[in-house]
Amino acid sequence: MTTNTKYWTPADGDAGLTEAAAALAAGGVVAFPTETVYGLGADARSEAAAERIFAAKGRPSDNPLIVHLADASGVEALAAGVSPLERELMAAFWPGPLTLVLPVRPGAVAARVTAGLDTVAVRVPAHETARRLIAAAGCPVAAPSANRSGRPSPTRAQHVLDDLDGRIDGVLDGGPTGVGVESTVVRVLGGDVHILRPGGVTAEQLRDAVGEAGRIVAGGAGDAALNAGSADGVVPDAVGAASAAGSAAVGTAAGASLAAAGDAPGAPRSPGVKYAHYAPAGVMAVASGAPEAVRAAVQAAVDAARRRGELVGVLCCDEHAGFYSGADAVIALGPRAAPEAAAQALYAALRECDARGLRFIAAEAFPEEGLGAALMNRMHKAAGGRVLPERAP
Ligand code: TXA
Ligand code: MG
């Protein structure tokens, strides 16, 4: 079934926002900007509205949705209880790219939204348009990223239209998003803050905020374990290794202690991390290590892809953009030492690889400090855990 998808430009101003809010209040599905990526919103209390999100995206029904609020005051209506440590995190990071998984108040949101779990994921986005839209709609707004399931998340309204035109009620254009990767999803258990998905709030920021009050458990609790069952059957050793390296890197910093959750029994998990995500249509692989080794591995992969007769692209840091020869596209993501720029650019770059019909994408790893942890989590997932140099067959 196709729908006439409305497109509200920034020039439509308040009139566009009012129409989009009315569509949400009436049970529609509307895409809107947040500071991380565009979300696909619907009334979180309505089973039918939530169902339309899953249908439009082609999303597996066991993957729960994040509920977005205009401000923190709405959290009491959704959560069965909020601990002092959870309150500290909300005070420190809301509005902003932190999602808290909380015990759900029975009946507060549609069962479709929590995928039947006894918890609900909640966040207050930092984007002004998002908060005004949610306030005007007058309901909690369930919203996953506004892409077709498995595709890179949208960082511009055009990306949403490319994936979902004709399948949703409208898109509210707020320009390119700022952070470029999704929110950090955390679950607080006892004094431990488990990072279920790295994102816009870094492990270092969490550690600074909780001080002595909490222990940050980084390294993607259950991430590697759940990825072992990912749809494409790839067991991404690189993802686990990268996460371990990331937590080791932050673990050396002072402050609250850091620990890797690994496969600890009972460690909290985020269902979404098991799915193949953010993937371009071509085959992607990531080279890590010292800059010279990375350049050699990427150039060798470019040469090999050309010998196979494939269109090949490179994703690299600005400093290396002039180095590569023979690639059909070289996309510089930003300075090597500034993961913020690369995080902002990554999803658009993956979509550009598709638009250019690239069959092989050789990507340089960035350092995993700060936002680099979330950036590399997404790059390794886009690559399905494939690393360079490729093993001999
Ligand atoms: O930045 C973001 O978080 C964006 C914008 C639109 O807010 N949203 C987003 O949603 O990335 P989505 O659906 O693409 O990812 C939600 C993640 C998934 O990994 C999902 O499994 C997890 O949050 N999640 C949702 N509810 C959960 C719950 N109750 N327990 C554990 N994980 C949960
Ligand atoms: Mg998503």
# chains A, B, ... in the order shown; residues from 1 in each chain; ligands from 1

$ residues_near_ligand --ligand "ligand 2" --cutoff "7 Å" --atoms "only C-alpha atoms and all ligand atoms" --output "number ranges by chain"
A: 144-145, 153

$ closest_atom_pairs --of "chain A" --to "ligand 1" --cutoff "7 Å" --atoms "only C-alpha atoms and all ligand atoms" --output "JSON lines"
{"residue": "A:Thr34", "atom": "CA", "partner": "ligand 1", "partner_atom_place_in_ligand_line": "5 (C)", "distance": 6.2}
{"residue": "A:Thr36", "atom": "CA", "partner": "ligand 1", "partner_atom_place_in_ligand_line": "1 (O)", "distance": 4.8}
{"residue": "A:Val37", "atom": "CA", "partner": "ligand 1", "partner_atom_place_in_ligand_line": "5 (C)", "distance": 5.4}
{"residue": "A:Tyr38", "atom": "CA", "partner": "ligand 1", "partner_atom_place_in_ligand_line": "6 (C)", "distance": 5.3}
{"residue": "A:Gly39", "atom": "CA", "partner": "ligand 1", "partner_atom_place_in_ligand_line": "6 (C)", "distance": 3.5}
{"residue": "A:Leu40", "atom": "CA", "partner": "ligand 1", "partner_atom_place_in_ligand_line": "6 (C)", "distance": 6.7}
{"residue": "A:Asn63", "atom": "CA", "partner": "ligand 1", "partner_atom_place_in_ligand_line": "21 (O)", "distance": 5.1}
{"residue": "A:Pro64", "atom": "CA", "partner": "ligand 1", "partner_atom_place_in_ligand_line": "26 (N)", "distance": 4.3}
{"residue": "A:Leu65", "atom": "CA", "partner": "ligand 1", "partner_atom_place_in_ligand_line": "25 (C)", "distance": 4.5}
{"residue": "A:Ile66", "atom": "CA", "partner": "ligand 1", "partner_atom_place_in_ligand_line": "25 (C)", "distance": 4.9}
{"residue": "A:Pro97", "atom": "CA", "partner": "ligand 1", "partner_atom_place_in_ligand_line": "1 (O)", "distance": 6.0}
{"residue": "A:Thr99", "atom": "CA", "partner": "ligand 1", "partner_atom_place_in_ligand_line": "3 (O)", "distance": 6.7}
{"residue": "A:Val101", "atom": "CA", "partner": "ligand 1", "partner_atom_place_in_ligand_line": "30 (N)", "distance": 5.5}
{"residue": "A:Thr114", "atom": "CA", "partner": "ligand 1", "partner_atom_place_in_ligand_line": "29 (N)", "distance": 5.5}
{"residue": "A:Leu117", "atom": "CA", "partner": "ligand 1", "partner_atom_place_in_ligand_line": "29 (N)", "distance": 6.1}
{"residue": "A:Thr119", "atom": "CA", "partner": "ligand 1", "partner_atom_place_in_ligand_line": "29 (N)", "distance": 4.4}
{"residue": "A:Val120", "atom": "CA", "partner": "ligand 1", "partner_atom_place_in_ligand_line": "29 (N)", "distance": 4.1}
{"residue": "A:Ala121", "atom": "CA", "partner": "ligand 1", "partner_atom_place_in_ligand_line": "26 (N)", "distance": 4.4}
{"residue": "A:Pro125", "atom": "CA", "partner": "ligand 1", "partner_atom_place_in_ligand_line": "7 (O)", "distance": 6.8}
{"residue": "A:Ala143", "atom": "CA", "partner": "ligand 1", "partner_atom_place_in_ligand_line": "6 (C)", "distance": 5.5}
{"residue": "A:Pro144", "atom": "CA", "partner": "ligand 1", "partner_atom_place_in_ligand_line": "13 (O)", "distance": 3.3}
{"residue": "A:Ser145", "atom": "CA", "partner": "ligand 1", "partner_atom_place_in_ligand_line": "14 (O)", "distance": 4.3}
{"residue": "A:Ala146", "atom": "CA", "partner": "ligand 1", "partner_atom_place_in_ligand_line": "6 (C)", "distance": 6.9}
{"residue": "A:Val181", "atom": "CA", "partner": "ligand 1", "partner_atom_place_in_ligand_line": "1 (O)", "distance": 6.7}
{"residue": "A:Glu182", "atom": "CA", "partner": "ligand 1", "partner_atom_place_in_ligand_line": "1 (O)", "distance": 3.3}
{"residue": "A:Ser183", "atom": "CA", "partner": "ligand 1", "partner_atom_place_in_ligand_line": "1 (O)", "distance": 3.7}
{"residue": "A:Thr184", "atom": "CA", "partner": "ligand 1", "partner_atom_place_in_ligand_line": "3 (O)", "distance": 6.8}
{"residue": "A:Val185", "atom": "CA", "partner": "ligand 1", "partner_atom_place_in_ligand_line": "23 (O)", "distance": 6.2}
{"residue": "A:Arg197", "atom": "CA", "partner": "ligand 1", "partner_atom_place_in_ligand_line": "19 (O)", "distance": 6.7}
{"residue": "A:Arg269", "atom": "CA", "partner": "ligand 1", "partner_atom_place_in_ligand_line": "31 (C)", "distance": 5.7}
{"residue": "A:Ser270", "atom": "CA", "partner": "ligand 1", "partner_atom_place_in_ligand_line": "32 (N)", "distance": 3.5}
{"residue": "A:Pro271", "atom": "CA", "partner": "ligand 1", "partner_atom_place_in_ligand_line": "21 (O)", "distance": 4.0}
{"residue": "A:Gly272", "atom": "CA", "partner": "ligand 1", "partner_atom_place_in_ligand_line": "21 (O)", "distance": 3.2}
{"residue": "A:Val273", "atom": "CA", "partner": "ligand 1", "partner_atom_place_in_ligand_line": "19 (O)", "distance": 5.0}

$ residues_around --residues "Gly357 in chain A" --least-positions-apart "6" --cutoff "12 Å" --atoms "only C-alpha atoms" --output "PDB file with N, CA, C and O atoms, in the first residue's frame"
ATOM      1  N   PRO A 280      25.956  -0.931   3.810  1.00  0.00           N
ATOM      2  CA  PRO A 280      25.837  -0.555   2.407  1.00  0.00           C
ATOM      3  C   PRO A 280      25.551  -1.805   1.570  1.00  0.00           C
ATOM      4  O   PRO A 280      25.675  -2.921   2.073  1.00  0.00           O
ATOM      5  N   ALA A 281      25.187  -1.605   0.297  1.00  0.00           N
ATOM      6  CA  ALA A 281      24.871  -2.750  -0.556  1.00  0.00           C
ATOM      7  C   ALA A 281      26.128  -3.540  -0.918  1.00  0.00           C
ATOM      8  O   ALA A 281      26.078  -4.756  -1.092  1.00  0.00           O
ATOM      9  N   GLY A 282      27.262  -2.857  -1.039  1.00  0.00           N
ATOM     10  CA  GLY A 282      28.511  -3.528  -1.384  1.00  0.00           C
ATOM     11  C   GLY A 282      29.134  -4.215  -0.184  1.00  0.00           C
ATOM     12  O   GLY A 282      28.664  -4.079   0.937  1.00  0.00           O
ATOM     13  N   VAL A 283      30.212  -4.967  -0.453  1.00  0.00           N
ATOM     14  CA  VAL A 283      30.963  -5.617   0.622  1.00  0.00           C
ATOM     15  C   VAL A 283      31.935  -4.602   1.207  1.00  0.00           C
ATOM     16  O   VAL A 283      32.629  -3.905   0.470  1.00  0.00           O
ATOM     17  N   GLU A 310      35.678  -5.150  -9.925  1.00  0.00           N
ATOM     18  CA  GLU A 310      34.612  -4.521  -9.147  1.00  0.00           C
ATOM     19  C   GLU A 310      34.831  -3.014  -9.014  1.00  0.00           C
ATOM     20  O   GLU A 310      35.967  -2.559  -8.918  1.00  0.00           O
ATOM     21  N   LEU A 311      33.708  -2.263  -8.969  1.00  0.00           N
ATOM     22  CA  LEU A 311      33.793  -0.850  -8.606  1.00  0.00           C
ATOM     23  C   LEU A 311      34.168  -0.791  -7.136  1.00  0.00           C
ATOM     24  O   LEU A 311      33.543  -1.458  -6.304  1.00  0.00           O
ATOM     25  N   VAL A 312      35.205  -0.007  -6.812  1.00  0.00           N
ATOM     26  CA  VAL A 312      35.726  -0.029  -5.440  1.00  0.00           C
ATOM     27  C   VAL A 312      35.849   1.378  -4.871  1.00  0.00           C
ATOM     28  O   VAL A 312      36.221   2.309  -5.586  1.00  0.00           O
ATOM     29  N   GLY A 313      35.514   1.501  -3.594  1.00  0.00           N
ATOM     30  CA  GLY A 313      35.605   2.792  -2.916  1.00  0.00           C
ATOM     31  C   GLY A 313      36.434   2.705  -1.658  1.00  0.00           C
ATOM     32  O   GLY A 313      36.668   1.625  -1.119  1.00  0.00           O
ATOM     33  N   ASP A 328      37.524   3.901  -7.449  1.00  0.00           N
ATOM     34  CA  ASP A 328      36.487   4.640  -8.181  1.00  0.00           C
ATOM     35  C   ASP A 328      35.947   5.799  -7.358  1.00  0.00           C
ATOM     36  O   ASP A 328      35.386   6.734  -7.909  1.00  0.00           O
ATOM     37  N   ALA A 329      36.062   5.714  -6.043  1.00  0.00           N
ATOM     38  CA  ALA A 329      35.655   6.819  -5.177  1.00  0.00           C
ATOM     39  C   ALA A 329      36.513   6.798  -3.919  1.00  0.00           C
ATOM     40  O   ALA A 329      36.761   5.735  -3.359  1.00  0.00           O
ATOM     41  N   LEU A 350      28.115   6.070   3.458  1.00  0.00           N
ATOM     42  CA  LEU A 350      27.695   4.700   3.106  1.00  0.00           C
ATOM     43  C   LEU A 350      26.609   4.747   2.031  1.00  0.00           C
ATOM     44  O   LEU A 350      26.587   3.928   1.104  1.00  0.00           O
ATOM     45  N   ARG A 351      25.697   5.709   2.167  1.00  0.00           N
ATOM     46  CA  ARG A 351      24.648   5.849   1.160  1.00  0.00           C
ATOM     47  C   ARG A 351      25.238   6.294  -0.184  1.00  0.00           C
ATOM     48  O   ARG A 351      24.766   5.875  -1.243  1.00  0.00           O
TER      49      ARG A 351
END

$ closest_residue --among "A:Val29, A:Ala297, A:Val82, A:Leu189" --to "Val217 in chain A" --atoms "only C-alpha atoms"
A:Leu189

$ residues_around --residues "Gly370 in chain A" --least-positions-apart "4" --cutoff "10 Å" --atoms "only C-alpha atoms" --output "PDB file with C-alpha atoms, in the first residue's frame"
ATOM      1  CA  GLY A 199      26.523   6.321  20.822  1.00  0.00           C
ATOM      2  CA  GLY A 200      26.455  10.093  21.047  1.00  0.00           C
ATOM      3  CA  VAL A 201      27.247  10.222  24.780  1.00  0.00           C
ATOM      4  CA  THR A 202      30.716   8.745  25.284  1.00  0.00           C
ATOM      5  CA  ALA A 203      31.878   6.337  27.995  1.00  0.00           C
ATOM      6  CA  GLU A 204      34.204   9.068  29.226  1.00  0.00           C
ATOM      7  CA  GLN A 205      31.305  11.515  29.590  1.00  0.00           C
ATOM      8  CA  GLY A 246      37.666   0.560  23.137  1.00  0.00           C
ATOM      9  CA  ALA A 249      41.266   2.626  26.048  1.00  0.00           C
ATOM     10  CA  VAL A 250      38.685   4.285  28.260  1.00  0.00           C
ATOM     11  CA  ALA A 338      38.367  14.195  15.215  1.00  0.00           C
ATOM     12  CA  PRO A 339      35.880  11.305  15.326  1.00  0.00           C
ATOM     13  CA  GLU A 340      33.028  13.848  15.647  1.00  0.00           C
ATOM     14  CA  ALA A 374      30.490   4.652  18.562  1.00  0.00           C
ATOM     15  CA  LEU A 375      31.933   5.469  15.124  1.00  0.00           C
TER      16      LEU A 375
END

$ select_by_dssp --residues "range 24-141 of chain A" --states "helix (DSSP H, G or I)" --output "ChimeraX atom specification"
/A:24-25,47-57,72-78,84-93,111-114,128-137

$ write_last_selection --atoms "N, CA and C atoms" --output "short mmCIF file (atom, residue, chain, number, x, y, z; two decimals), in the first residue's frame"
data_model
loop_
_atom_site.label_atom_id
_atom_site.label_comp_id
_atom_site.auth_asym_id
_atom_site.auth_seq_id
_atom_site.Cartn_x
_atom_site.Cartn_y
_atom_site.Cartn_z
N LEU A 24 0.75 12.84 13.87
CA LEU A 24 1.15 11.92 14.96
C LEU A 24 -0.01 11.67 15.91
N ALA A 25 -0.69 12.75 16.30
CA ALA A 25 -1.80 12.63 17.25
C ALA A 25 -2.93 11.78 16.68
N GLU A 47 -1.09 0.65 19.70
CA GLU A 47 -0.58 -0.54 19.02
C GLU A 47 -0.60 -0.37 17.51
N ALA A 48 -1.70 0.21 17.01
CA ALA A 48 -1.84 0.34 15.55
C ALA A 48 -0.79 1.29 14.98
N ALA A 49 -0.55 2.40 15.68
CA ALA A 49 0.43 3.37 15.19
C ALA A 49 1.83 2.76 15.23
N ALA A 50 2.15 2.06 16.34
CA ALA A 50 3.47 1.42 16.44
C ALA A 50 3.64 0.37 15.35
N GLU A 51 2.57 -0.36 15.07
CA GLU A 51 2.63 -1.38 14.02
C GLU A 51 2.99 -0.76 12.67
N ARG A 52 2.51 0.46 12.43
CA ARG A 52 2.82 1.12 11.16
C ARG A 52 4.32 1.41 11.03
N ILE A 53 4.99 1.66 12.16
CA ILE A 53 6.45 1.86 12.11
C ILE A 53 7.14 0.59 11.62
N PHE A 54 6.78 -0.54 12.24
CA PHE A 54 7.41 -1.82 11.87
C PHE A 54 7.15 -2.15 10.41
N ALA A 55 5.90 -1.88 9.96
CA ALA A 55 5.55 -2.18 8.57
C ALA A 55 6.34 -1.30 7.60
N ALA A 56 6.43 0.00 7.90
CA ALA A 56 7.12 0.92 6.98
C ALA A 56 8.60 0.57 6.87
N LYS A 57 9.21 0.21 7.99
CA LYS A 57 10.65 -0.07 8.01
C LYS A 57 11.00 -1.48 7.57
N ALA A 72 11.93 15.68 30.65
CA ALA A 72 12.08 14.57 31.59
C ALA A 72 10.85 14.35 32.47
N SER A 73 9.98 15.32 32.56
CA SER A 73 8.83 15.18 33.47
C SER A 73 7.93 14.02 33.04
N GLY A 74 7.95 13.68 31.75
CA GLY A 74 7.09 12.61 31.26
C GLY A 74 7.54 11.21 31.64
N VAL A 75 8.74 11.09 32.23
CA VAL A 75 9.29 9.77 32.46
C VAL A 75 8.52 8.99 33.53
N GLU A 76 7.95 9.70 34.50
CA GLU A 76 7.22 9.03 35.59
C GLU A 76 6.03 8.22 35.04
N ALA A 77 5.41 8.75 33.99
CA ALA A 77 4.24 8.08 33.42
C ALA A 77 4.63 6.80 32.69
N LEU A 78 5.89 6.68 32.28
CA LEU A 78 6.34 5.52 31.49
C LEU A 78 7.04 4.46 32.33
N PRO A 84 18.08 6.80 41.94
CA PRO A 84 18.86 8.04 42.04
C PRO A 84 19.95 8.13 40.96
N LEU A 85 20.62 7.01 40.66
CA LEU A 85 21.67 7.04 39.64
C LEU A 85 21.07 7.33 38.25
N GLU A 86 19.91 6.76 37.97
CA GLU A 86 19.23 7.05 36.70
C GLU A 86 18.85 8.53 36.63
N ARG A 87 18.39 9.06 37.76
CA ARG A 87 18.06 10.49 37.79
C ARG A 87 19.27 11.37 37.52
N GLU A 88 20.41 10.96 38.07
CA GLU A 88 21.65 11.72 37.83
C GLU A 88 21.99 11.74 36.34
N LEU A 89 21.82 10.58 35.71
CA LEU A 89 22.14 10.50 34.28
C LEU A 89 21.19 11.38 33.47
N MET A 90 19.91 11.36 33.81
CA MET A 90 18.94 12.22 33.11
C MET A 90 19.31 13.69 33.29
N ALA A 91 19.66 14.06 34.52
CA ALA A 91 19.99 15.46 34.80
C ALA A 91 21.24 15.88 34.01
N ALA A 92 22.18 14.93 33.87
CA ALA A 92 23.44 15.26 33.20
C ALA A 92 23.30 15.30 31.68
N PHE A 93 22.46 14.44 31.10
CA PHE A 93 22.49 14.26 29.64
C PHE A 93 21.20 14.56 28.90
N ALA A 111 2.41 -2.70 23.68
CA ALA A 111 3.28 -3.88 23.81
C ALA A 111 4.22 -3.97 22.60
N ARG A 112 3.75 -3.51 21.44
CA ARG A 112 4.54 -3.47 20.22
C ARG A 112 5.84 -2.68 20.42
N VAL A 113 5.76 -1.60 21.23
CA VAL A 113 6.89 -0.69 21.43
C VAL A 113 8.00 -1.35 22.23
N THR A 114 7.63 -2.10 23.28
CA THR A 114 8.63 -2.75 24.12
C THR A 114 8.95 -4.15 23.62
N GLU A 128 15.65 20.89 18.98
CA GLU A 128 14.52 21.78 19.27
C GLU A 128 13.25 21.36 18.50
N THR A 129 13.40 21.07 17.22
CA THR A 129 12.23 20.69 16.40
C THR A 129 11.60 19.40 16.94
N ALA A 130 12.45 18.45 17.33
CA ALA A 130 11.93 17.19 17.85
C ALA A 130 11.12 17.43 19.12
N ARG A 131 11.67 18.21 20.03
CA ARG A 131 10.97 18.44 21.31
C ARG A 131 9.67 19.22 21.10
N ARG A 132 9.69 20.20 20.20
CA ARG A 132 8.46 20.97 19.94
C ARG A 132 7.41 20.08 19.28
N LEU A 133 7.86 19.20 18.39
CA LEU A 133 6.92 18.29 17.73
C LEU A 133 6.26 17.35 18.73
N ILE A 134 7.07 16.77 19.62
CA ILE A 134 6.54 15.83 20.61
C ILE A 134 5.57 16.54 21.55
N ALA A 135 5.94 17.74 21.97
CA ALA A 135 5.06 18.51 22.86
C ALA A 135 3.74 18.82 22.16
N ALA A 136 3.81 19.20 20.89
CA ALA A 136 2.59 19.56 20.16
C ALA A 136 1.72 18.32 19.89
N ALA A 137 2.35 17.17 19.69
CA ALA A 137 1.59 15.94 19.44
C ALA A 137 0.86 15.51 20.72
#

$ atom_distance --atom1 "CA of Gly41 in chain A" --atom2 "CA of Leu161 in chain A"
14.5 Å

$ atom_distance --atom1 "CA of Gly13 in chain A" --atom2 "CA of Arg167 in chain A"
23.5 Å

$ atom_distance --atom1 "CA of Thr5 in chain A" --atom2 "CA of Gly170 in chain A"
4.7 Å

$ decode --residues "range 22-41 of chain A" --atoms "N, CA and C atoms" --output "short mmCIF file (atom, residue, chain, number, x, y, z; two decimals), in the first residue's frame"
data_model
loop_
_atom_site.label_atom_id
_atom_site.label_comp_id
_atom_site.auth_asym_id
_atom_site.auth_seq_id
_atom_site.Cartn_x
_atom_site.Cartn_y
_atom_site.Cartn_z
N ALA A 22 -0.18 16.99 14.25
CA ALA A 22 -1.56 16.52 14.11
C ALA A 22 -1.57 15.12 13.51
N ALA A 23 -0.67 14.87 12.56
CA ALA A 23 -0.60 13.53 11.95
C ALA A 23 -0.21 12.49 13.01
N LEU A 24 0.75 12.84 13.87
CA LEU A 24 1.15 11.92 14.96
C LEU A 24 -0.01 11.67 15.91
N ALA A 25 -0.69 12.75 16.30
CA ALA A 25 -1.80 12.63 17.25
C ALA A 25 -2.93 11.78 16.68
N ALA A 26 -3.03 11.76 15.34
CA ALA A 26 -4.10 11.00 14.69
C ALA A 26 -3.68 9.56 14.39
N GLY A 27 -2.52 9.14 14.91
CA GLY A 27 -2.10 7.75 14.71
C GLY A 27 -1.21 7.54 13.49
N GLY A 28 -0.71 8.65 12.91
CA GLY A 28 0.15 8.54 11.73
C GLY A 28 1.60 8.25 12.07
N VAL A 29 2.41 8.03 11.03
CA VAL A 29 3.86 7.85 11.19
C VAL A 29 4.58 8.98 10.47
N VAL A 30 5.40 9.71 11.22
CA VAL A 30 6.05 10.91 10.69
C VAL A 30 7.54 10.89 11.05
N ALA A 31 8.39 11.16 10.07
CA ALA A 31 9.83 11.23 10.33
C ALA A 31 10.20 12.65 10.73
N PHE A 32 11.14 12.76 11.67
CA PHE A 32 11.53 14.07 12.20
C PHE A 32 13.02 14.05 12.56
N PRO A 33 13.63 15.25 12.58
CA PRO A 33 15.05 15.32 12.91
C PRO A 33 15.27 15.18 14.41
N THR A 34 16.36 14.52 14.80
CA THR A 34 16.86 14.61 16.18
C THR A 34 18.33 15.01 16.05
N GLU A 35 18.99 15.22 17.18
CA GLU A 35 20.41 15.61 17.12
C GLU A 35 21.29 14.45 16.66
N THR A 36 20.76 13.20 16.68
CA THR A 36 21.58 12.05 16.29
C THR A 36 21.33 11.67 14.82
N VAL A 37 20.14 11.13 14.57
CA VAL A 37 19.71 10.74 13.22
C VAL A 37 18.22 11.06 13.13
N TYR A 38 17.64 10.97 11.94
CA TYR A 38 16.19 11.16 11.81
C TYR A 38 15.46 9.96 12.42
N GLY A 39 14.37 10.24 13.14
CA GLY A 39 13.56 9.18 13.72
C GLY A 39 12.25 9.05 12.96
N LEU A 40 11.65 7.85 13.05
CA LEU A 40 10.33 7.63 12.46
C LEU A 40 9.35 7.47 13.60
N GLY A 41 8.54 8.52 13.84
CA GLY A 41 7.74 8.59 15.05
C GLY A 41 6.30 8.13 14.89
#
